[in-house]
Structure formats: C-alpha cells, structure tokens
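These notes concern the structure reproduced below.
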Amino acid sequence: MRAKPNPETILAAALNALCVDSDWRKALDDLPAPIYVTDPEGSVTYWNHACIELAGRVPQLGRDRWCVTWKIYTTTGEFLPHDQCPMADAIRKRKTVRDVVAIAERPDGSRRAFRPYPTPLFDHDGNFTGAVNMLIDVTEEQARALREQSERCRRLADALYSRENINVLQDMADGFERTAAELRDGSKP
C-alpha cells in the first residue's frame, strides 16, 4: 500500500508552481489532488482534472465563484452557500483557512467529504491577486468519525434521565448516522 502524499507538501508544490513556473497549469495538472485557482473576486479561473473527479462536474468558467463543487454542506448536514465556504472566507479575510471539513454534493446526488486548503495569493509587492485551493478527499475518515460521534451520543443518552436531553442526543445521533450513511453509500437516502 502506497503512503498518501502529505497535503501540505502538495500545496507547497502548487504554490511554488504558481510563483515561479511559467507553465504552472501543467504543474498543477500533474499534482495528485484537486486544485483550483480564483481571481481576487472569487471567480474560478483554473481547475485541474482531479477537481472534476471530486466535484462530479466540470466547473463553469465565468460562472462559478468560490468553489468548484455543485453544492456544499457542513458535517452536520446543513446547506452551506458558496459565498460562505472556506474559500470565500480566505478571499474576504485574505488569510489561509485550515482544519475545516465540508461535504460536496455532486449533480448526481452523491457526496464526498473533503478538507479544503484555501490560500490567498499575493504578488511580489504584497498585492492580493487571488487564491488557490486544494481539496483532500476525507470521505472514509469523516464517515467513520460521524459513526463514532453517533455512538457517543447514544451512550450519553442512555446515561441520562431527562427525556428532553435524551431526545436531543438521539436526534443528534440520528443526524450523524444519516450523514455517515450518505458518505458511505455515496448518495442521499
């Protein structure tokens, strides 16, 4: 079994290609992760083939902003508008965003969990020029974590006496299980 490449190493290679490689598109196409670039307003200007595989769609040049995915959800299953996604935050604040997991829904209804690495880009004079984002597929890891969280909620509910608290925890467990099943099965139930 081959070891997974370190996401920070892949991102460093992408940033290096964008800064010094005149043929940066080919360099990004060759990287083993979905990577896309936006202009300063968040319009998607480039994506590699791995983005198409993860998103299940070809991004629309001149129409897609902030992200290459069709729809995005939080790990709790709530819809996340593109203008509130991690890439939009990174562009607005001009700061990297890390330690986030989101769920992409593809046009066919299947879902993939991913960890984004949105990173603002600046020219040599410090002017903001856009952003690059790498999306690491963490579907299996996230489905496992959601199942474990569901089990914790059910154990805690079993230890309580308050019917109201038990119901809240059971509803949370059901939601975690539902999202885990969507990821495991690849689609909404």
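Following the order of the structure tokens, chains are lettered A, B, ..., residues in each are numbered from 1, and ligands are numbered from 1.
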
Test item: residues at most 12 Å from Pro32 in chain A, only C-alpha atoms, excluding those fewer than 6 positions along its chain, as a VMD selection string: chain A and resid 4 to 7 9 to 11 13 to 14 48 to 51 53 to 54 134 to 137

Could those selected residues go to a file with C-alpha atoms, as a short mmCIF file (atom, residue, chain, number, x, y, z; two decimals), in the first residue's frame?
```cif
data_model
loop_
_atom_site.label_atom_id
_atom_site.label_comp_id
_atom_site.auth_asym_id
_atom_site.auth_seq_id
_atom_site.Cartn_x
_atom_site.Cartn_y
_atom_site.Cartn_z
CA LYS A 4 -0.76 9.10 0.99
CA PRO A 5 1.09 12.26 0.00
CA ASN A 6 1.20 14.95 2.67
CA PRO A 7 -1.36 17.68 1.79
CA THR A 9 3.69 19.11 0.57
CA ILE A 10 1.26 19.07 -2.36
CA LEU A 11 0.08 22.59 -1.54
CA ALA A 13 4.34 22.37 -4.77
CA ALA A 14 1.25 24.17 -6.11
CA ASN A 48 -7.20 20.50 -12.66
CA HIS A 49 -8.81 17.21 -13.72
CA ALA A 50 -8.84 15.94 -10.12
CA CYS A 51 -11.36 18.73 -9.31
CA GLU A 53 -13.42 13.85 -10.37
CA LEU A 54 -14.09 15.07 -6.81
CA MET A 134 -6.64 22.19 -2.66
CA LEU A 135 -9.39 19.71 -1.74
CA ILE A 136 -8.38 16.50 0.04
CA ASP A 137 -10.97 13.69 -0.04
#
```

Close residues, Gly175 in chain A itself excluded, 10 Å, only C-alpha atoms, min 5 positions apart in chain, as number ranges by chain: A: 75-77, 146-147, 150, 169-170, 180-181

Preceding selection exported with all heavy atoms as a PDB file, in the first residue's frame:
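The resulting file, part_23.pdb, is shown below:
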```pdb
ATOM      1  N   THR A  75     -20.626  19.307   8.071  1.00  0.00           N
ATOM      2  CA  THR A  75     -20.611  17.916   8.520  1.00  0.00           C
ATOM      3  C   THR A  75     -21.865  17.572   9.325  1.00  0.00           C
ATOM      4  O   THR A  75     -22.128  16.397   9.563  1.00  0.00           O
ATOM      5  CB  THR A  75     -19.362  17.616   9.360  1.00  0.00           C
ATOM      6  OG1 THR A  75     -19.316  18.531  10.454  1.00  0.00           O
ATOM      7  CG2 THR A  75     -18.106  17.706   8.523  1.00  0.00           C
ATOM      8  N   THR A  76     -22.634  18.573   9.717  1.00  0.00           N
ATOM      9  CA  THR A  76     -23.911  18.308  10.400  1.00  0.00           C
ATOM     10  C   THR A  76     -25.066  18.255   9.411  1.00  0.00           C
ATOM     11  O   THR A  76     -26.219  18.120   9.800  1.00  0.00           O
ATOM     12  CB  THR A  76     -24.204  19.366  11.487  1.00  0.00           C
ATOM     13  OG1 THR A  76     -24.258  20.652  10.883  1.00  0.00           O
ATOM     14  CG2 THR A  76     -23.138  19.338  12.568  1.00  0.00           C
ATOM     15  N   GLY A  77     -24.766  18.403   8.107  1.00  0.00           N
ATOM     16  CA  GLY A  77     -25.778  18.267   7.077  1.00  0.00           C
ATOM     17  C   GLY A  77     -26.462  19.552   6.659  1.00  0.00           C
ATOM     18  O   GLY A  77     -27.363  19.530   5.818  1.00  0.00           O
ATOM     19  N   LEU A 146     -18.151  10.305  12.039  1.00  0.00           N
ATOM     20  CA  LEU A 146     -19.572  10.562  12.286  1.00  0.00           C
ATOM     21  C   LEU A 146     -20.249   9.366  12.958  1.00  0.00           C
ATOM     22  O   LEU A 146     -21.082   9.549  13.855  1.00  0.00           O
ATOM     23  CB  LEU A 146     -20.279  10.927  10.985  1.00  0.00           C
ATOM     24  CG  LEU A 146     -19.930  12.298  10.415  1.00  0.00           C
ATOM     25  CD1 LEU A 146     -20.408  12.421   8.972  1.00  0.00           C
ATOM     26  CD2 LEU A 146     -20.522  13.401  11.271  1.00  0.00           C
ATOM     27  N   ARG A 147     -19.894   8.155  12.543  1.00  0.00           N
ATOM     28  CA  ARG A 147     -20.448   6.963  13.205  1.00  0.00           C
ATOM     29  C   ARG A 147     -20.018   6.917  14.664  1.00  0.00           C
ATOM     30  O   ARG A 147     -20.824   6.604  15.549  1.00  0.00           O
ATOM     31  CB  ARG A 147     -20.015   5.690  12.468  1.00  0.00           C
ATOM     32  CG  ARG A 147     -20.787   5.435  11.192  1.00  0.00           C
ATOM     33  CD  ARG A 147     -20.520   4.038  10.633  1.00  0.00           C
ATOM     34  NE  ARG A 147     -19.104   3.794  10.387  1.00  0.00           N
ATOM     35  CZ  ARG A 147     -18.452   4.120   9.280  1.00  0.00           C
ATOM     36  NH1 ARG A 147     -19.083   4.719   8.296  1.00  0.00           N
ATOM     37  NH2 ARG A 147     -17.184   3.853   9.142  1.00  0.00           N
ATOM     38  N   SER A 150     -21.976   9.415  16.651  1.00  0.00           N
ATOM     39  CA  SER A 150     -23.329   8.914  16.867  1.00  0.00           C
ATOM     40  C   SER A 150     -23.357   7.942  18.056  1.00  0.00           C
ATOM     41  O   SER A 150     -24.247   8.018  18.912  1.00  0.00           O
ATOM     42  CB  SER A 150     -23.834   8.210  15.607  1.00  0.00           C
ATOM     43  OG  SER A 150     -25.055   7.570  15.852  1.00  0.00           O
ATOM     44  N   LEU A 169     -30.135  14.226  22.178  1.00  0.00           N
ATOM     45  CA  LEU A 169     -28.970  13.396  21.847  1.00  0.00           C
ATOM     46  C   LEU A 169     -29.314  12.323  20.829  1.00  0.00           C
ATOM     47  O   LEU A 169     -28.521  12.032  19.926  1.00  0.00           O
ATOM     48  CB  LEU A 169     -28.391  12.768  23.117  1.00  0.00           C
ATOM     49  CG  LEU A 169     -27.634  13.743  24.008  1.00  0.00           C
ATOM     50  CD1 LEU A 169     -27.367  13.134  25.374  1.00  0.00           C
ATOM     51  CD2 LEU A 169     -26.330  14.174  23.352  1.00  0.00           C
ATOM     52  N   GLN A 170     -30.501  11.735  20.926  1.00  0.00           N
ATOM     53  CA  GLN A 170     -30.888  10.728  19.938  1.00  0.00           C
ATOM     54  C   GLN A 170     -31.081  11.358  18.555  1.00  0.00           C
ATOM     55  O   GLN A 170     -30.709  10.764  17.542  1.00  0.00           O
ATOM     56  CB  GLN A 170     -32.148   9.993  20.399  1.00  0.00           C
ATOM     57  CG  GLN A 170     -31.862   9.051  21.551  1.00  0.00           C
ATOM     58  CD  GLN A 170     -33.106   8.372  22.098  1.00  0.00           C
ATOM     59  OE1 GLN A 170     -34.221   8.866  21.937  1.00  0.00           O
ATOM     60  NE2 GLN A 170     -32.902   7.230  22.744  1.00  0.00           N
ATOM     61  N   ALA A 180     -23.274   9.944   7.846  1.00  0.00           N
ATOM     62  CA  ALA A 180     -22.278   8.879   7.630  1.00  0.00           C
ATOM     63  C   ALA A 180     -22.756   7.921   6.551  1.00  0.00           C
ATOM     64  O   ALA A 180     -21.977   7.505   5.683  1.00  0.00           O
ATOM     65  CB  ALA A 180     -21.992   8.139   8.933  1.00  0.00           C
ATOM     66  N   ALA A 181     -24.039   7.567   6.575  1.00  0.00           N
ATOM     67  CA  ALA A 181     -24.589   6.657   5.559  1.00  0.00           C
ATOM     68  C   ALA A 181     -24.551   7.300   4.176  1.00  0.00           C
ATOM     69  O   ALA A 181     -24.246   6.627   3.185  1.00  0.00           O
ATOM     70  CB  ALA A 181     -26.023   6.267   5.927  1.00  0.00           C
TER      71      ALA A 181
END
```

Contacts of Ile52 in chain A at 12 Å (only C-alpha atoms; same-chain gap of 5+ positions) as an MDAnalysis selection string: chainID A and resid 29 33:36 46:47 57:60 67:70 104 106:107 135

Filtering to N, CA and C atoms, could you give me those residues as a short mmCIF file (atom, residue, chain, number, x, y, z; two decimals), in the first residue's frame?
```cif
data_model
loop_
_atom_site.label_atom_id
_atom_site.label_comp_id
_atom_site.auth_asym_id
_atom_site.auth_seq_id
_atom_site.Cartn_x
_atom_site.Cartn_y
_atom_site.Cartn_z
N ASP A 29 -1.75 20.47 -13.04
CA ASP A 29 -2.44 19.31 -13.61
C ASP A 29 -1.79 18.00 -13.15
N ALA A 33 -3.90 15.88 -6.41
CA ALA A 33 -5.03 16.36 -5.62
C ALA A 33 -5.81 17.40 -6.40
N PRO A 34 -7.11 17.52 -6.11
CA PRO A 34 -7.89 18.59 -6.75
C PRO A 34 -7.39 19.96 -6.32
N ILE A 35 -7.06 20.79 -7.29
CA ILE A 35 -6.55 22.14 -7.02
C ILE A 35 -7.20 23.09 -8.01
N TYR A 36 -7.65 24.23 -7.50
CA TYR A 36 -8.19 25.25 -8.39
C TYR A 36 -7.74 26.63 -7.93
N TYR A 46 -9.18 28.53 -12.99
CA TYR A 46 -8.43 27.33 -13.39
C TYR A 46 -8.82 26.20 -12.44
N TRP A 47 -8.85 24.98 -12.95
CA TRP A 47 -9.03 23.77 -12.13
C TRP A 47 -8.32 22.64 -12.83
N ARG A 57 -18.39 17.16 -11.67
CA ARG A 57 -18.87 18.12 -12.67
C ARG A 57 -17.69 18.92 -13.20
N VAL A 58 -17.88 19.51 -14.38
CA VAL A 58 -16.89 20.43 -14.92
C VAL A 58 -17.27 21.83 -14.46
N PRO A 59 -16.39 22.52 -13.75
CA PRO A 59 -16.71 23.89 -13.34
C PRO A 59 -17.02 24.77 -14.55
N GLN A 60 -17.80 25.80 -14.32
CA GLN A 60 -18.21 26.70 -15.38
C GLN A 60 -17.40 27.99 -15.31
N CYS A 67 -15.94 28.16 -5.38
CA CYS A 67 -15.68 26.72 -5.27
C CYS A 67 -16.04 26.01 -6.57
N VAL A 68 -15.47 24.82 -6.77
CA VAL A 68 -15.75 24.02 -7.95
C VAL A 68 -16.88 23.02 -7.71
N THR A 69 -17.31 22.87 -6.46
CA THR A 69 -18.36 21.91 -6.15
C THR A 69 -19.72 22.44 -6.57
N TRP A 70 -20.68 21.52 -6.71
CA TRP A 70 -22.03 21.88 -7.10
C TRP A 70 -22.78 22.46 -5.90
N ALA A 104 -19.26 17.85 -0.19
CA ALA A 104 -19.67 18.27 -1.53
C ALA A 104 -20.75 17.33 -2.03
N ARG A 106 -22.57 16.20 -5.42
CA ARG A 106 -22.40 16.23 -6.87
C ARG A 106 -23.76 16.32 -7.54
N PRO A 107 -23.80 16.69 -8.82
CA PRO A 107 -25.08 16.77 -9.52
C PRO A 107 -25.86 15.45 -9.53
N LEU A 135 -8.33 20.45 -2.41
CA LEU A 135 -9.39 19.71 -1.74
C LEU A 135 -8.93 18.27 -1.53
#
```

Residue list (strand (DSSP E or B), DSSP) for range 12-146 of chain A, as a PyMOL selection string: chain A and resi 35-38+43-47+65+71-73+79+102-105+111-116+119-122+128-137

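The two atoms in question, CA of Phe79 in chain A and CA of Pro116 in chain A, are spaced 16.5 Å apart.
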
Interatomic distance (Å, one decimal) between CA of Leu183 in chain A and CA of Arg111 in chain A: 5.8 Å

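Note that the spacing between CA of Ala159 in chain A and CA of Gln142 in chain A amounts to 26.0 Å.
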
Shortest interatomic distance to Arg98 in chain A - which of A:Asn133, A:Leu121, A:Thr74, A:Gln149, counting only C-alpha atoms: A:Asn133

Please report as a Markdown table every residue of range 13-95 of chain A lying within 12 Å of range 117-120 of chain A, along with the nearest atom pair and their distance in Å (one decimal), using only C-alpha atoms.
```
| residue | atom | partner | partner_atom | distance |
| --- | --- | --- | --- | --- |
| A:Ala14 | CA | A:Thr119 | CA | 10.7 |
| A:Leu15 | CA | A:Thr119 | CA | 9.0 |
| A:Leu18 | CA | A:Pro120 | CA | 11.8 |
| A:Ala33 | CA | A:Tyr117 | CA | 11.1 |
| A:Pro34 | CA | A:Tyr117 | CA | 10.5 |
| A:Ile35 | CA | A:Tyr117 | CA | 9.3 |
| A:Tyr36 | CA | A:Pro118 | CA | 9.4 |
| A:Val37 | CA | A:Pro118 | CA | 9.4 |
| A:Thr38 | CA | A:Pro120 | CA | 9.3 |
| A:Asp39 | CA | A:Pro120 | CA | 9.9 |
| A:Pro40 | CA | A:Pro120 | CA | 8.8 |
| A:Glu41 | CA | A:Pro120 | CA | 11.5 |
| A:Gly42 | CA | A:Pro120 | CA | 10.5 |
| A:Trp66 | CA | A:Pro118 | CA | 9.9 |
| A:Cys67 | CA | A:Pro118 | CA | 10.0 |
| A:Cys85 | CA | A:Pro118 | CA | 9.9 |
| A:Pro86 | CA | A:Pro118 | CA | 6.7 |
| A:Met87 | CA | A:Pro118 | CA | 5.1 |
| A:Ala88 | CA | A:Pro118 | CA | 8.6 |
| A:Asp89 | CA | A:Pro118 | CA | 8.7 |
| A:Ala90 | CA | A:Pro118 | CA | 6.1 |
| A:Ile91 | CA | A:Pro120 | CA | 6.2 |
| A:Arg92 | CA | A:Pro120 | CA | 9.4 |
| A:Lys93 | CA | A:Pro120 | CA | 9.0 |
| A:Arg94 | CA | A:Pro120 | CA | 5.6 |
| A:Lys95 | CA | A:Pro120 | CA | 6.2 |
```

Dump C-alpha atoms for the selected residues as a PDB file, in the first residue's frame?
```pdb
ATOM      1  CA  ALA A  14       1.253  24.166  -6.114  1.00  0.00           C
ATOM      2  CA  LEU A  15       2.276  27.474  -4.556  1.00  0.00           C
ATOM      3  CA  LEU A  18       2.207  29.448  -9.267  1.00  0.00           C
ATOM      4  CA  ALA A  33      -5.028  16.356  -5.616  1.00  0.00           C
ATOM      5  CA  PRO A  34      -7.894  18.585  -6.745  1.00  0.00           C
ATOM      6  CA  ILE A  35      -6.547  22.136  -7.021  1.00  0.00           C
ATOM      7  CA  TYR A  36      -8.195  25.252  -8.386  1.00  0.00           C
ATOM      8  CA  VAL A  37      -7.406  28.971  -8.610  1.00  0.00           C
ATOM      9  CA  THR A  38      -9.636  32.047  -8.357  1.00  0.00           C
ATOM     10  CA  ASP A  39      -9.197  35.708  -9.163  1.00  0.00           C
ATOM     11  CA  PRO A  40      -9.416  38.327  -6.366  1.00  0.00           C
ATOM     12  CA  GLU A  41     -13.233  38.397  -6.640  1.00  0.00           C
ATOM     13  CA  GLY A  42     -13.506  34.623  -6.196  1.00  0.00           C
ATOM     14  CA  TRP A  66     -15.617  30.471  -4.617  1.00  0.00           C
ATOM     15  CA  CYS A  67     -15.683  26.719  -5.272  1.00  0.00           C
ATOM     16  CA  CYS A  85     -17.493  28.428   2.127  1.00  0.00           C
ATOM     17  CA  PRO A  86     -13.881  28.302   3.397  1.00  0.00           C
ATOM     18  CA  MET A  87     -12.503  29.652   0.103  1.00  0.00           C
ATOM     19  CA  ALA A  88     -14.826  32.669   0.276  1.00  0.00           C
ATOM     20  CA  ASP A  89     -13.639  33.296   3.852  1.00  0.00           C
ATOM     21  CA  ALA A  90      -9.996  33.059   2.791  1.00  0.00           C
ATOM     22  CA  ILE A  91     -10.549  35.541  -0.045  1.00  0.00           C
ATOM     23  CA  ARG A  92     -12.536  38.018   2.039  1.00  0.00           C
ATOM     24  CA  LYS A  93     -10.130  37.903   5.004  1.00  0.00           C
ATOM     25  CA  ARG A  94      -7.016  37.341   2.870  1.00  0.00           C
ATOM     26  CA  LYS A  95      -5.932  34.607   5.291  1.00  0.00           C
TER      27      LYS A  95
END
```
